[in-house]
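With TSV, C-alpha atoms (C1' of nucleotides) inside, this is run.tsv:
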```
chain	number	residue	atom	x	y	z
A	1	MET	CA	0.00	0.00	0.00
A	2	LYS	CA	1.51	3.28	-1.17
A	3	ILE	CA	-0.03	6.42	0.31
A	4	ALA	CA	1.05	9.87	-0.89
A	5	THR	CA	0.40	13.38	0.35
A	6	TRP	CA	0.88	16.52	-1.72
A	7	ASN	CA	-0.04	20.15	-1.27
A	8	VAL	CA	-0.58	20.94	-4.95
A	9	ASN	CA	-1.30	24.68	-4.59
A	10	SER	CA	-4.41	24.55	-6.87
A	11	VAL	CA	-5.44	21.24	-8.40
A	12	ARG	CA	-6.56	22.94	-11.60
A	13	ALA	CA	-3.36	24.94	-12.11
A	14	ARG	CA	-1.35	21.80	-11.26
A	15	LEU	CA	-3.46	19.25	-13.15
A	16	PRO	CA	-0.89	18.25	-15.81
A	17	ARG	CA	1.75	17.81	-13.11
A	18	VAL	CA	-0.55	15.80	-10.85
A	19	LEU	CA	-1.73	13.47	-13.61
A	20	ALA	CA	1.82	12.86	-14.84
A	21	TRP	CA	2.93	12.20	-11.27
A	22	LEU	CA	0.11	9.72	-10.66
A	23	GLU	CA	0.94	7.83	-13.85
A	24	ALA	CA	4.63	7.69	-13.00
A	25	ASN	CA	4.26	6.80	-9.31
A	26	GLN	CA	1.06	4.77	-9.16
A	27	PRO	CA	0.18	5.34	-5.49
A	28	ASP	CA	-2.82	3.51	-4.08
A	29	VAL	CA	-3.92	6.69	-2.33
A	30	LEU	CA	-3.12	10.35	-2.97
A	31	CYS	CA	-4.11	12.94	-0.38
A	32	LEU	CA	-4.27	16.44	-1.82
A	33	GLN	CA	-4.24	19.80	-0.05
A	34	GLU	CA	-4.91	23.32	-1.27
A	35	THR	CA	-7.09	22.15	-4.14
A	36	LYS	CA	-8.59	25.66	-4.17
A	37	CYS	CA	-11.81	24.73	-5.94
A	38	GLU	CA	-15.39	23.86	-5.16
A	39	ASP	CA	-16.37	20.21	-5.46
A	40	ASP	CA	-18.27	20.65	-8.74
A	41	LYS	CA	-15.20	22.30	-10.30
A	42	PHE	CA	-12.79	19.51	-9.28
A	43	PRO	CA	-11.27	17.80	-12.37
A	44	ARG	CA	-12.74	14.47	-11.31
A	45	ALA	CA	-12.99	12.89	-14.78
A	46	GLU	CA	-9.25	13.23	-15.38
A	47	PHE	CA	-8.50	11.28	-12.20
A	48	GLU	CA	-11.09	8.64	-13.07
A	49	GLU	CA	-9.51	8.13	-16.47
A	50	LEU	CA	-6.35	7.06	-14.65
A	51	GLY	CA	-8.33	4.60	-12.55
A	52	TYR	CA	-8.74	6.72	-9.41
A	53	SER	CA	-11.92	7.49	-7.59
A	54	VAL	CA	-12.00	10.83	-5.77
A	55	GLU	CA	-13.67	12.25	-2.71
A	56	THR	CA	-13.41	16.01	-2.39
A	57	TYR	CA	-14.00	18.63	0.25
A	58	GLY	CA	-13.34	21.96	-1.39
A	59	GLN	CA	-14.23	25.61	-1.37
A	60	LYS	CA	-13.68	28.59	-3.61
A	61	THR	CA	-10.16	30.12	-3.78
A	62	TYR	CA	-8.68	28.83	-0.54
A	63	ASN	CA	-7.90	25.56	1.23
A	64	GLY	CA	-9.60	22.39	-0.04
A	65	VAL	CA	-8.63	18.75	0.45
A	66	ALA	CA	-9.30	15.57	-1.52
A	67	ILE	CA	-8.53	11.85	-1.42
A	68	ALA	CA	-7.93	9.92	-4.65
A	69	ALA	CA	-7.62	6.14	-4.51
A	70	ARG	CA	-7.49	3.13	-6.78
A	71	GLY	CA	-9.81	1.18	-4.50
A	72	ALA	CA	-13.10	2.07	-2.89
A	73	ILE	CA	-13.16	5.13	-0.63
A	74	GLU	CA	-15.61	4.48	2.19
A	75	ASP	CA	-17.00	6.14	5.32
A	76	VAL	CA	-16.04	9.62	4.13
A	77	GLU	CA	-16.11	12.42	6.69
A	78	ARG	CA	-15.73	16.07	5.70
A	79	GLY	CA	-14.65	18.62	8.28
A	80	MET	CA	-14.59	17.89	11.99
A	81	PRO	CA	-16.64	18.46	15.13
A	82	GLY	CA	-16.75	22.09	16.17
A	83	ASP	CA	-16.55	23.39	12.59
A	84	LEU	CA	-18.83	26.33	11.95
A	85	GLU	CA	-21.32	26.30	9.10
A	86	ASP	CA	-18.92	28.11	6.74
A	87	ALA	CA	-15.76	26.46	8.07
A	88	ASP	CA	-12.58	26.22	6.00
A	89	ALA	CA	-12.35	22.95	4.03
A	90	ARG	CA	-9.27	21.53	5.76
A	91	VAL	CA	-9.85	17.89	6.67
A	92	ILE	CA	-11.29	14.83	4.95
A	93	ALA	CA	-11.17	11.33	6.41
A	94	ALA	CA	-12.02	7.99	4.82
A	95	ALA	CA	-11.42	4.25	4.93
A	96	VAL	CA	-9.39	2.77	2.05
A	97	GLY	CA	-8.81	-0.96	2.33
A	98	ASP	CA	-7.78	-1.65	5.93
A	99	PHE	CA	-6.38	1.87	6.36
A	100	LEU	CA	-8.08	4.82	7.94
A	101	VAL	CA	-6.78	7.89	6.13
A	102	VAL	CA	-7.07	11.41	7.54
A	103	ASP	CA	-5.97	14.15	5.13
A	104	VAL	CA	-5.36	17.59	6.66
A	105	TYR	CA	-4.42	21.08	5.59
A	106	VAL	CA	-3.51	22.79	8.85
A	107	VAL	CA	-4.02	26.55	9.21
A	108	ASN	CA	-0.95	28.54	8.19
A	109	GLY	CA	-1.12	31.04	11.05
A	110	GLN	CA	0.56	33.95	9.21
A	111	GLU	CA	2.51	35.37	12.15
A	112	VAL	CA	3.11	34.35	15.75
A	113	GLY	CA	0.69	36.25	17.97
A	114	SER	CA	-1.72	37.17	15.18
A	115	PRO	CA	-5.45	36.26	15.19
A	116	LYS	CA	-4.72	33.61	12.55
A	117	TYR	CA	-2.05	32.14	14.81
A	118	ALA	CA	-4.58	31.81	17.64
A	119	TYR	CA	-6.97	30.18	15.17
A	120	LYS	CA	-4.21	27.76	14.12
A	121	LEU	CA	-3.62	26.59	17.70
A	122	GLU	CA	-7.36	26.30	18.37
A	123	TRP	CA	-7.83	24.34	15.14
A	124	MET	CA	-4.98	21.96	15.97
A	125	GLY	CA	-6.51	21.38	19.39
A	126	ARG	CA	-9.78	20.39	17.79
A	127	LEU	CA	-7.92	18.12	15.37
A	128	ARG	CA	-6.40	16.38	18.36
A	129	ASP	CA	-9.82	15.87	19.95
A	130	TYR	CA	-11.24	14.59	16.66
A	131	LEU	CA	-8.44	12.03	16.33
A	132	ALA	CA	-8.77	11.02	19.98
A	133	GLY	CA	-12.24	9.77	19.09
A	134	MET	CA	-10.97	7.49	16.33
A	135	ASP	CA	-9.91	3.87	16.63
A	136	LEU	CA	-6.15	4.29	17.01
A	137	SER	CA	-5.66	0.52	17.24
A	138	GLU	CA	-6.37	0.43	13.51
A	139	LYS	CA	-3.91	1.29	10.75
A	140	LEU	CA	-4.50	5.01	10.91
A	141	VAL	CA	-2.58	7.36	8.65
A	142	LEU	CA	-2.82	11.09	9.37
A	143	CYS	CA	-1.07	13.00	6.63
A	144	GLY	CA	-0.96	16.35	4.92
A	145	ASP	CA	0.41	19.85	5.16
A	146	PHE	CA	0.77	20.53	8.90
A	147	ASN	CA	2.41	23.94	8.47
A	148	VAL	CA	4.61	23.07	11.46
A	149	THR	CA	8.20	21.80	11.68
A	150	VAL	CA	8.72	19.02	14.22
A	151	ASP	CA	12.15	20.22	15.34
A	152	ASP	CA	15.17	22.22	14.14
A	153	ARG	CA	16.36	19.42	11.87
A	154	ASP	CA	13.40	20.34	9.66
A	155	VAL	CA	14.58	23.95	9.22
A	156	TYR	CA	17.34	25.16	6.86
A	157	ASP	CA	18.29	28.01	9.18
A	158	PRO	CA	16.95	27.30	12.67
A	159	ASP	CA	18.30	30.53	14.21
A	160	LYS	CA	16.62	32.69	11.60
A	161	TRP	CA	13.34	30.84	12.16
A	162	ARG	CA	13.56	30.67	15.97
A	163	GLU	CA	10.01	31.08	17.41
A	164	LYS	CA	8.79	32.26	14.01
A	165	ILE	CA	5.67	30.96	12.31
A	166	LEU	CA	5.90	27.22	11.44
A	167	CYS	CA	8.63	26.81	14.09
A	168	SER	CA	7.29	28.31	17.34
A	169	THR	CA	7.15	26.26	20.53
A	170	PRO	CA	3.32	26.38	20.88
A	171	GLU	CA	2.91	25.10	17.31
A	172	ARG	CA	5.38	22.29	17.92
A	173	GLN	CA	3.60	21.44	21.17
A	174	ALA	CA	0.27	21.27	19.31
A	175	LEU	CA	1.90	18.86	16.87
A	176	GLN	CA	3.40	16.87	19.75
A	177	ALA	CA	-0.10	16.59	21.24
A	178	LEU	CA	-1.09	14.66	18.11
A	179	SER	CA	1.91	12.35	18.50
A	180	ASP	CA	1.01	11.89	22.16
A	181	LEU	CA	-2.17	10.14	21.02
A	182	GLY	CA	0.14	7.35	19.86
A	183	LEU	CA	1.03	8.55	16.38
A	184	HIS	CA	4.55	8.34	14.95
A	185	ASP	CA	6.39	10.68	12.60
A	186	ALA	CA	6.92	7.99	9.95
A	187	PHE	CA	9.67	9.87	8.10
A	188	ARG	CA	11.85	9.93	11.24
A	189	ARG	CA	11.57	6.18	11.57
A	190	PHE	CA	13.88	5.95	8.57
A	191	GLU	CA	15.91	9.17	8.55
A	192	GLU	CA	17.37	10.95	11.55
A	193	GLY	CA	19.42	13.57	9.75
A	194	ALA	CA	18.71	17.23	9.15
A	195	GLY	CA	18.23	18.80	5.76
A	196	HIS	CA	15.18	16.94	4.46
A	197	TYR	CA	12.48	19.36	3.37
A	198	THR	CA	9.04	19.25	1.75
A	199	TRP	CA	8.43	22.96	1.07
A	200	TRP	CA	10.54	25.73	-0.44
A	201	ASP	CA	9.41	29.35	-0.76
A	202	PHE	CA	8.73	30.61	-4.28
A	203	ARG	CA	9.48	34.18	-3.27
A	204	THR	CA	12.98	33.63	-1.96
A	205	ARG	CA	13.83	31.11	-4.70
A	206	GLY	CA	14.20	28.79	-1.77
A	207	PHE	CA	14.46	25.63	-3.82
A	208	GLN	CA	17.38	26.91	-5.89
A	209	ARG	CA	19.13	27.95	-2.66
A	210	GLY	CA	18.34	24.77	-0.76
A	211	ASN	CA	16.29	26.75	1.76
A	212	GLY	CA	13.37	24.57	2.77
A	213	LEU	CA	11.29	23.32	5.65
A	214	ARG	CA	9.81	19.91	6.44
A	215	ILE	CA	6.15	20.68	7.15
A	216	ASP	CA	4.34	17.87	5.31
A	217	HIS	CA	4.13	14.80	7.50
A	218	PHE	CA	2.86	11.29	8.02
A	219	LEU	CA	1.74	10.70	11.60
A	220	VAL	CA	0.70	7.06	11.84
A	221	SER	CA	-0.61	4.66	14.46
A	222	ASP	CA	1.32	1.73	15.99
A	223	ALA	CA	-0.29	-0.75	13.61
A	224	ALA	CA	0.58	1.44	10.62
A	225	ILE	CA	4.18	2.15	11.69
A	226	GLU	CA	4.78	-1.57	12.07
A	227	ALA	CA	3.71	-2.03	8.47
A	228	CYS	CA	5.62	1.01	7.17
A	229	THR	CA	8.63	0.14	5.03
A	230	GLY	CA	9.70	3.63	3.96
A	231	VAL	CA	8.90	7.29	3.48
A	232	ALA	CA	10.26	9.27	0.53
A	233	ILE	CA	10.12	12.95	-0.35
A	234	ASP	CA	9.96	13.46	-4.12
A	235	VAL	CA	12.33	16.42	-4.28
A	236	GLU	CA	12.73	15.93	-8.03
A	237	GLU	CA	9.09	16.85	-8.62
A	238	ARG	CA	9.67	20.21	-6.90
A	239	GLY	CA	12.34	20.99	-9.49
A	240	ARG	CA	10.16	20.37	-12.55
A	241	GLU	CA	8.36	22.95	-14.69
A	242	LYS	CA	5.50	24.84	-13.04
A	243	PRO	CA	5.80	23.00	-9.73
A	244	SER	CA	3.83	23.37	-6.53
A	245	ASP	CA	5.86	24.92	-3.74
A	246	HIS	CA	5.50	21.58	-1.89
A	247	ALA	CA	6.98	18.23	-2.89
A	248	PRO	CA	4.92	15.03	-2.76
A	249	VAL	CA	5.72	12.66	0.12
A	250	VAL	CA	5.12	8.93	-0.24
A	251	ALA	CA	4.77	6.35	2.54
A	252	THR	CA	4.89	2.67	1.70
A	253	PHE	CA	3.23	-0.04	3.84
A	254	ALA	CA	3.70	-3.79	3.64
B	1	DA	C1'	17.60	43.92	6.45
B	2	DT	C1'	14.37	43.43	2.52
B	3	DG	C1'	12.22	41.34	-1.25
B	4	DG	C1'	11.74	38.26	-4.46
B	5	DC	C1'	6.90	34.10	-6.81
B	6	DC	C1'	2.45	32.10	-7.69
B	7	DA	C1'	-2.69	31.44	-7.91
B	8	DA	C1'	-7.45	33.03	-7.67
B	9	DT	C1'	-10.72	36.64	-7.72
B	10	DT	C1'	-12.43	40.92	-5.88
B	11	DT	C1'	-8.51	41.32	-11.97
B	12	DT	C1'	-4.86	45.79	-14.39
B	13	DA	C1'	-5.07	45.51	-7.64
B	14	DT	C1'	-5.74	42.64	-3.64
B	15	DT	C1'	-5.31	38.67	-0.67
B	16	DG	C1'	-3.10	34.66	1.02
B	17	DG	C1'	0.39	31.56	1.08
B	18	DA	C1'	4.55	29.97	4.86
```
Please render this file's structure as structure tokens.
Amino acid sequence: MKIATWNVNSVRARLPRVLAWLEANQPDVLCLQETKCEDDKFPRAEFEELGYSVETYGQKTYNGVAIAARGAIEDVERGMPGDLEDADARVIAAAVGDFLVVDVYVVNGQEVGSPKYAYKLEWMGRLRDYLAGMDLSEKLVLCGDFNVTVDDRDVYDPDKWREKILCSTPERQALQALSDLGLHDAFRRFEEGAGHYTWWDFRTRGFQRGNGLRIDHFLVSDAAIEACTGVAIDVEERGREKPSDHAPVVATFA
DNA sequence: ATGGCCAATTTTATTGGA
């Protein structure tokens, strides 16, 4: 079972890239973030032509998540408890085979101390409560764009980013609270070194300079980590024409 | 120290991203 996560930064703008990537990599499941389109505008037919069914939870312009899978996608849940009527489309959960997949696009937070930062921490707290209600004895895979680095190994210049957005202690604690439920950072099971990133800023030409952050993660249950045989960041995809600012990340399970 | 790029909509600016 190969499960991928990718913040595509608009599924319509990225469609040729996404379809080519699916054909080349053949994951069983692809979790998308920042689809940036309403469900009836999602390019569903193009995914289906490649043999993928799709469940979407989108909105106009911002946010938006979707799960594409070769097999049946069952028990789909959109949003989470505590969401308001017009809540951001940031989480979709479903069963695929014997895996429970939870696809998230965590709030960015803009700047430490800002109203959006407070919203980020509140949202992550609710995500924790939502997950606490799930069956964590199952093979549960929580993946997506968390907009938080786990520790300084995930940051190209930790001193520059000290207590800044994506790296602040409260954000890392909110992420740790998810791990404390019994979820494991699958990437770190296989790689302990620094310098492995999943996002590079367009504005600073971060990719060309090697300035990135690791903010896209797989947090998986005991049963899932036991089955996990590897996690790979597709850095090459980030270097192609008209890329997303995030690279796809692929977790493989026996 | 700052800004750079990219996408969508409110489009010839603005907002948000991280």
Who sits within 10 Å of A:Pro81, only C-alpha atoms (C1' of nucleotides), same chain under 2 positions skipped, as a PDB file with C-alpha atoms, keeping the file's coordinate frame:
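Wrote result_34.pdb, looks like this:
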```pdb
ATOM      1  CA  ARG A  78     -15.730  16.070   5.700  1.00  0.00           C
ATOM      2  CA  GLY A  79     -14.650  18.620   8.280  1.00  0.00           C
ATOM      3  CA  ASP A  83     -16.550  23.390  12.590  1.00  0.00           C
ATOM      4  CA  LEU A  84     -18.830  26.330  11.950  1.00  0.00           C
ATOM      5  CA  ARG A 126      -9.780  20.390  17.790  1.00  0.00           C
ATOM      6  CA  LEU A 127      -7.920  18.120  15.370  1.00  0.00           C
ATOM      7  CA  ASP A 129      -9.820  15.870  19.950  1.00  0.00           C
ATOM      8  CA  TYR A 130     -11.240  14.590  16.660  1.00  0.00           C
TER       9      TYR A 130
END
```
Query raised in the report: Distance atom CA of A:Leu22-atom CA of A:Ala247, one decimal place?
Result: 13.4 Å
Requested in this report: Compile the residues of chain A that lie within 8 Å of chain B, evaluated using all atoms listed in the file, and express the compilation as a list in words.
Outcome: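 Matching residues, ligands excluded from the count: Asn9, Ser10, Ala13, Thr61, Asn108, Gln110, Asn147, Ile165, Leu166, Asp201, Phe202, Arg203, Thr204 and Arg205 of chain A.
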Query raised in the report: If you measure from atom CA of A:Tyr156 to atom CA of A:Leu142, what distance in Å do you get, rounded to one decimal?
Result: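 One can read the atom CA of A:Tyr156 to atom CA of A:Leu142 distance as 24.7 Å.
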Query raised in the report: Hey, what's within 10 Å of stretch 176-182 of chain A if we count all atoms listed in the file and toss same-chain stuff fewer than 5 positions away? As a PyMOL selection string, please?
Result: chain A and resi 124-125+127-129+131-132+136-137+142+150+170-171+219-222
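Candidate residues A:Glu38, A:Glu226, A:Glu236, A:Glu77 were compared for distance to A:Tyr62, and the nearest is A:Glu38, using all atoms listed in the file.
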Requested in this report: Would you mind reading off the distance between atom CA of A:Tyr52 and atom CA of A:Val148, one decimal, in Å?
Outcome: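 We find that atom CA of A:Tyr52 and atom CA of A:Val148 lie 29.7 Å from each other.
Take the candidates A:Val107, A:Ile3, A:Val101, A:Cys31 and check each one against A:Ala251 using all atoms listed in the file; the shortest distance goes to A:Ile3.
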Query raised in the report: What lies within 9 Å of A:Pro158 using all atoms listed in the file, ignoring chain neighbours under 6 positions off, as a ChimeraX atom specification?
Result: /A:151-152,167
Query raised in the report: Between A:Ala24, A:Ile67, A:Leu140, A:Leu121, which has the minimum distance to A:Asp98 (counting all atoms listed in the file)?
Result: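 Between A:Ala24, A:Ile67, A:Leu140, A:Leu121, the residue approaching A:Asp98 most closely is A:Leu140.
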